[in-house]
file protein-v2.cif (mmCIF, C-alpha atoms)
data_input
loop_
_atom_site.label_atom_id
_atom_site.label_comp_id
_atom_site.auth_asym_id
_atom_site.auth_seq_id
_atom_site.Cartn_x
_atom_site.Cartn_y
_atom_site.Cartn_z
CA MET A 688 -50.77 -7.79 -6.21
CA GLU A 689 -49.47 -5.75 -9.15
CA SER A 690 -48.48 -2.96 -6.76
CA LYS A 691 -46.38 -5.40 -4.69
CA VAL A 692 -44.55 -6.60 -7.80
CA LYS A 693 -43.78 -3.01 -8.81
CA LYS A 694 -42.48 -2.27 -5.32
CA LEU A 695 -40.34 -5.41 -5.39
CA ILE A 696 -38.87 -4.46 -8.77
CA LEU A 697 -38.20 -0.92 -7.54
CA LEU A 698 -36.52 -2.29 -4.42
CA VAL A 699 -34.29 -4.56 -6.53
CA PHE A 700 -33.23 -1.64 -8.75
CA LEU A 701 -32.56 0.62 -5.78
CA THR A 702 -30.54 -2.09 -4.05
CA PHE A 703 -28.51 -2.73 -7.19
CA GLY A 704 -27.94 1.00 -7.59
CA CYS A 705 -26.63 1.28 -4.04
CA ILE A 706 -24.32 -1.70 -4.53
CA ALA A 707 -23.04 -0.33 -7.84
CA SER A 708 -22.38 3.14 -6.42
CA ASP A 709 -20.70 1.70 -3.31
CA ASP A 710 -17.78 0.65 -5.54
CA MET A 711 -17.22 4.34 -6.17
CA GLN A 712 -17.29 5.37 -2.49
CA PHE A 713 -14.43 7.44 -1.19
CA HIS A 714 -14.55 8.63 2.40
CA SER A 715 -12.60 11.55 3.80
CA SER A 716 -10.98 9.16 6.30
CA THR A 717 -9.58 6.91 3.55
CA LEU A 718 -6.21 8.65 3.56
CA ASP A 719 -5.99 9.43 7.29
CA GLU A 720 -3.27 6.84 7.96
CA THR A 721 -1.02 8.17 5.19
CA LYS A 722 2.56 8.76 6.33
CA LEU A 723 4.22 9.11 2.92
CA ILE A 724 3.13 9.97 -0.60
CA PHE A 725 5.25 8.84 -3.53
CA TRP A 726 4.70 10.65 -6.83
CA LEU A 727 5.90 8.08 -9.36
CA ASP A 728 6.99 9.74 -12.58
CA HIS A 729 6.27 7.43 -15.51
CA LYS A 730 8.84 9.11 -17.80
CA THR A 731 11.91 9.07 -15.56
CA LYS A 732 10.87 5.95 -13.59
CA SER A 733 11.77 7.80 -10.41
CA ALA A 734 9.68 9.02 -7.51
CA VAL A 735 9.39 12.21 -5.54
CA LEU A 736 8.68 11.66 -1.86
CA TYR A 737 6.27 13.78 0.16
CA GLY A 738 6.22 13.30 3.91
CA ARG A 739 4.75 15.47 6.67
CA TRP A 740 5.69 18.86 5.19
CA GLU A 741 3.39 21.51 3.78
CA ASN A 742 3.24 20.03 0.26
CA PHE A 743 2.40 16.61 1.70
CA HIS A 744 -0.72 18.03 3.33
CA LYS A 745 -1.62 20.12 0.28
CA LEU A 746 -1.36 17.12 -2.03
CA LYS A 747 -3.30 14.83 0.30
CA ASP A 748 -6.05 17.44 0.71
CA LEU A 749 -6.15 18.09 -3.03
CA VAL A 750 -6.74 14.40 -3.78
CA SER A 751 -9.42 14.01 -1.10
CA THR A 752 -11.23 17.23 -1.97
CA THR A 753 -11.18 16.52 -5.70
CA ILE A 754 -12.59 13.02 -5.36
CA LEU A 755 -15.21 14.08 -2.83
CA THR A 756 -16.43 17.15 -4.72
CA ALA A 757 -15.72 16.76 -8.45
CA ASN A 758 -18.02 15.08 -10.95
CA ALA A 759 -16.50 11.86 -12.22
CA ASN A 760 -16.16 10.80 -15.85
CA ILE A 761 -15.82 7.08 -16.56
CA GLN A 762 -12.46 5.94 -17.90
CA THR A 763 -12.88 2.99 -20.22
CA SER A 764 -9.87 2.44 -22.45
CA GLU A 765 -7.04 4.36 -20.81
CA ASN A 766 -3.68 2.73 -20.24
CA PHE A 767 -2.74 3.80 -16.73
CA CYS A 768 0.86 2.66 -17.28
CA SER A 769 1.53 5.91 -19.14
CA TYR A 770 0.29 8.03 -16.22
CA ASP A 771 2.15 9.34 -13.19
CA LYS A 772 0.85 7.78 -9.98
CA LEU A 773 0.36 8.93 -6.44
CA VAL A 774 1.01 6.09 -4.01
CA PHE A 775 -0.24 6.69 -0.48
CA VAL A 776 1.62 4.59 2.10
CA ASP A 777 1.01 4.03 5.82
CA SER A 778 3.56 3.73 8.64
CA ASN A 779 3.95 -0.02 7.98
CA LYS A 780 4.99 0.72 4.36
CA ASP A 781 1.70 -0.76 3.12
CA ILE A 782 -0.10 0.81 0.18
CA ILE A 783 -3.28 2.62 1.22
CA SER A 784 -4.27 3.72 -2.25
CA ILE A 785 -2.88 4.42 -5.72
CA PHE A 786 -4.17 7.28 -7.85
CA PRO A 787 -3.07 7.53 -11.48
CA ILE A 788 -2.82 11.17 -12.54
CA LYS A 789 -2.49 12.88 -15.89
CA ASN A 790 -2.67 16.55 -16.79
CA ASN A 791 -5.44 17.83 -14.51
CA SER A 792 -7.12 14.55 -13.63
CA ILE A 793 -6.98 12.14 -10.72
CA ILE A 794 -8.26 8.62 -11.38
CA TYR A 795 -10.02 6.64 -8.66
CA ASN A 796 -11.79 3.31 -9.32
CA ASN A 797 -11.53 3.87 -13.09
CA HIS A 798 -13.26 7.25 -12.81
CA ASP A 799 -11.60 10.44 -13.95
CA PHE A 800 -11.92 13.41 -11.57
CA ILE A 801 -10.97 16.78 -13.02
CA VAL A 802 -8.93 18.87 -10.61
CA PRO A 803 -10.30 22.43 -10.54
CA GLU A 804 -8.26 25.33 -11.88
CA LYS A 805 -5.26 23.23 -12.92
CA GLN A 806 -4.06 22.83 -9.34
CA LEU A 807 -1.97 19.78 -10.21
CA SER A 808 0.29 21.83 -12.49
CA HIS A 809 2.04 23.25 -9.39
CA PHE A 810 2.97 19.71 -8.31
CA PHE A 811 4.00 18.61 -11.81
CA ASN A 812 6.40 21.59 -11.96
CA LEU A 813 7.66 20.98 -8.42
CA ASN A 814 8.30 17.31 -9.15
CA GLN A 815 10.19 18.09 -12.34
CA LYS A 816 12.41 20.59 -10.51
CA ARG A 817 13.14 18.06 -7.77
CA ILE A 818 13.92 15.31 -10.29
CA ASP A 819 16.20 17.69 -12.25
CA ARG A 820 18.06 18.46 -8.98
CA GLY A 821 18.54 14.75 -8.34
CA ASP A 822 15.97 14.51 -5.53
CA GLY A 823 14.01 11.73 -7.23
CA LEU A 824 14.21 8.25 -5.75
CA HIS A 825 15.28 5.42 -8.02
CA SER A 826 12.75 2.59 -8.45
CA LYS A 827 14.94 0.29 -6.29
CA ALA A 828 14.72 2.75 -3.38
CA VAL A 829 10.96 3.02 -3.88
CA LYS A 830 10.68 -0.76 -3.70
CA LEU A 831 12.44 -0.73 -0.32
CA ASN A 832 9.98 1.86 1.01
CA ILE A 833 6.69 0.33 -0.21
CA ASN A 834 5.67 -3.22 0.62
CA ASN A 835 4.62 -5.28 -2.41
CA TYR A 836 5.78 -2.59 -4.82
CA SER A 837 6.93 -3.81 -8.18
CA VAL A 838 8.48 -1.94 -11.07
CA LYS A 839 5.73 -3.12 -13.39
CA CYS A 840 2.83 -0.84 -14.07
CA LEU A 841 0.75 -0.25 -10.94
#

call {"tool": "encode", "arguments": {"input": "protein-v2.cif", "output": "structure tokens"}}
result
Amino acid sequence: MESKVKKLILLVFLTFGCIASDDMQFHSSTLDETKLIFWLDHKTKSAVLYGRWENFHKLKDLVSTTILTANANIQTSENFCSYDKLVFVDSNKDIISIFPIKNNSIIYNNHDFIVPEKQLSHFFNLNQKRIDRGDGLHSKAVKLNINNYSVKCL
């Protein structure tokens, strides 16, 4: 009888563990329907658009690979409003996923994933150059291109 109780308790803990870790699940197919990526710059309140060119694929792959392979640290008290954000959008202009980013980290489900070898710095520099050239989209234009987008912190 005692053995059955121990097995039941073990089963409950294992089930709870699976449920808890399922919240963290990210599958490689999550971003498959992405047609556009908006890099929202929190300082300038503008966005850089990535769509179907080489950097679009590099950025999409970088996010997927980082989340699938990096060890996650839990974010507890961060204010994501002060972070840049990557907004992945499908062909219907619906949001697939939003990833806050800062320095060399991508945040997914309140977990911080460190991007190896500072690979995000290339995109931070590219975005800044594009914004300086006037290529950044104003928040009103972003709102027209993303359903349910609001200027408030995402």

call {"tool": "residues_around", "arguments": {"input": "protein-v2.cif", "residues": "A:Lys780", "least_positions_apart": "3", "cutoff": "7 Å", "atoms": "all atoms listed in the file", "output": "ChimeraX atom specification"}}
result
/A:776-777,832-834

call {"tool": "write_last_selection", "arguments": {"input": "protein-v2.cif", "atoms": "C-alpha atoms", "output": "mmCIF file, in the frame of the given file"}}
result
data_model
loop_
_atom_site.group_PDB
_atom_site.id
_atom_site.type_symbol
_atom_site.label_atom_id
_atom_site.label_comp_id
_atom_site.auth_asym_id
_atom_site.auth_seq_id
_atom_site.Cartn_x
_atom_site.Cartn_y
_atom_site.Cartn_z
ATOM 1 C CA VAL A 776 1.620 4.590 2.100
ATOM 2 C CA ASP A 777 1.010 4.030 5.820
ATOM 3 C CA ASN A 832 9.980 1.860 1.010
ATOM 4 C CA ILE A 833 6.690 0.330 -0.210
ATOM 5 C CA ASN A 834 5.670 -3.220 0.620
#

call {"tool": "axis_aligned_box", "arguments": {"input": "protein-v2.cif", "around": "stretch 771-782 of chain A", "padding_each_side": "3 Å", "output": "lines of an AutoDock Vina configuration file"}}
result
center_x = 2.4
center_y = 4.3
center_z = -2.3
size_x = 11.2
size_y = 16.1
size_z = 27.8

call {"tool": "residues_around", "arguments": {"input": "protein-v2.cif", "residues": "A:Ala734", "least_positions_apart": "4", "cutoff": "9 Å", "atoms": "only C-alpha atoms", "output": "list of chain:residue names"}}
result
A:Phe725, A:Trp726, A:Leu727, A:Asp728, A:His729, A:Asn814, A:Ile818, A:Asp822, A:Gly823, A:Leu824, A:His825, A:Ser826, A:Val829

call {"tool": "closest_residue", "arguments": {"input": "protein-v2.cif", "among": "A:Arg739, A:Lys730, A:Lys830, A:Lys745", "to": "A:Gln806", "atoms": "only C-alpha atoms"}}
result
A:Lys745

call {"tool": "resolve_selection", "arguments": {"input": "protein-v2.cif", "expression": "the PyMOL selection byres ((chain A and resi 810) around 12)", "output": "VMD selection string"}}
result
chain A and resid 726 728 735 to 737 742 to 743 745 to 747 749 to 750 771 773 788 to 791 805 to 809 811 to 818

call {"tool": "atom_distance", "arguments": {"input": "protein-v2.cif", "atom1": "atom CA of A:His798", "atom2": "atom CA of A:Ala759"}}
result
5.7 Å

call {"tool": "atom_distance", "arguments": {"input": "protein-v2.cif", "atom1": "atom CA of A:Ile724", "atom2": "atom CA of A:Asn797"}}
result
20.2 Å

call {"tool": "residues_around", "arguments": {"input": "protein-v2.cif", "residues": "stretch 753-758 of chain A", "least_positions_apart": "5", "cutoff": "7 Å", "atoms": "all atoms listed in the file", "output": "list in words"}}
result
Phe713, Phe800, Ile801 and Val802 of chain A

call {"tool": "atom_distance", "arguments": {"input": "protein-v2.cif", "atom1": "atom CA of A:Ser778", "atom2": "atom CA of A:Thr721"}}
result
7.3 Å

call {"tool": "resolve_selection", "arguments": {"input": "protein-v2.cif", "expression": "the PyMOL selection byres ((chain A and resi 785) around 7)", "output": "list in words"}}
result
Lys772, Leu773, Val774, Phe775, Ser784, Phe786 and Pro787 of chain A

call {"tool": "write_last_selection", "arguments": {"input": "protein-v2.cif", "atoms": "C-alpha atoms", "output": "PDB file, in the frame of the given file"}}
result
ATOM      1  CA  LYS A 772       0.850   7.780  -9.980  1.00  0.00           C
ATOM      2  CA  LEU A 773       0.360   8.930  -6.440  1.00  0.00           C
ATOM      3  CA  VAL A 774       1.010   6.090  -4.010  1.00  0.00           C
ATOM      4  CA  PHE A 775      -0.240   6.690  -0.480  1.00  0.00           C
ATOM      5  CA  SER A 784      -4.270   3.720  -2.250  1.00  0.00           C
ATOM      6  CA  PHE A 786      -4.170   7.280  -7.850  1.00  0.00           C
ATOM      7  CA  PRO A 787      -3.070   7.530 -11.480  1.00  0.00           C
TER       8      PRO A 787
END

call {"tool": "closest_residue", "arguments": {"input": "protein-v2.cif", "among": "A:Tyr770, A:Trp740, A:Asn796, A:Asn760", "to": "A:Lys722", "atoms": "all atoms listed in the file"}}
result
A:Trp740
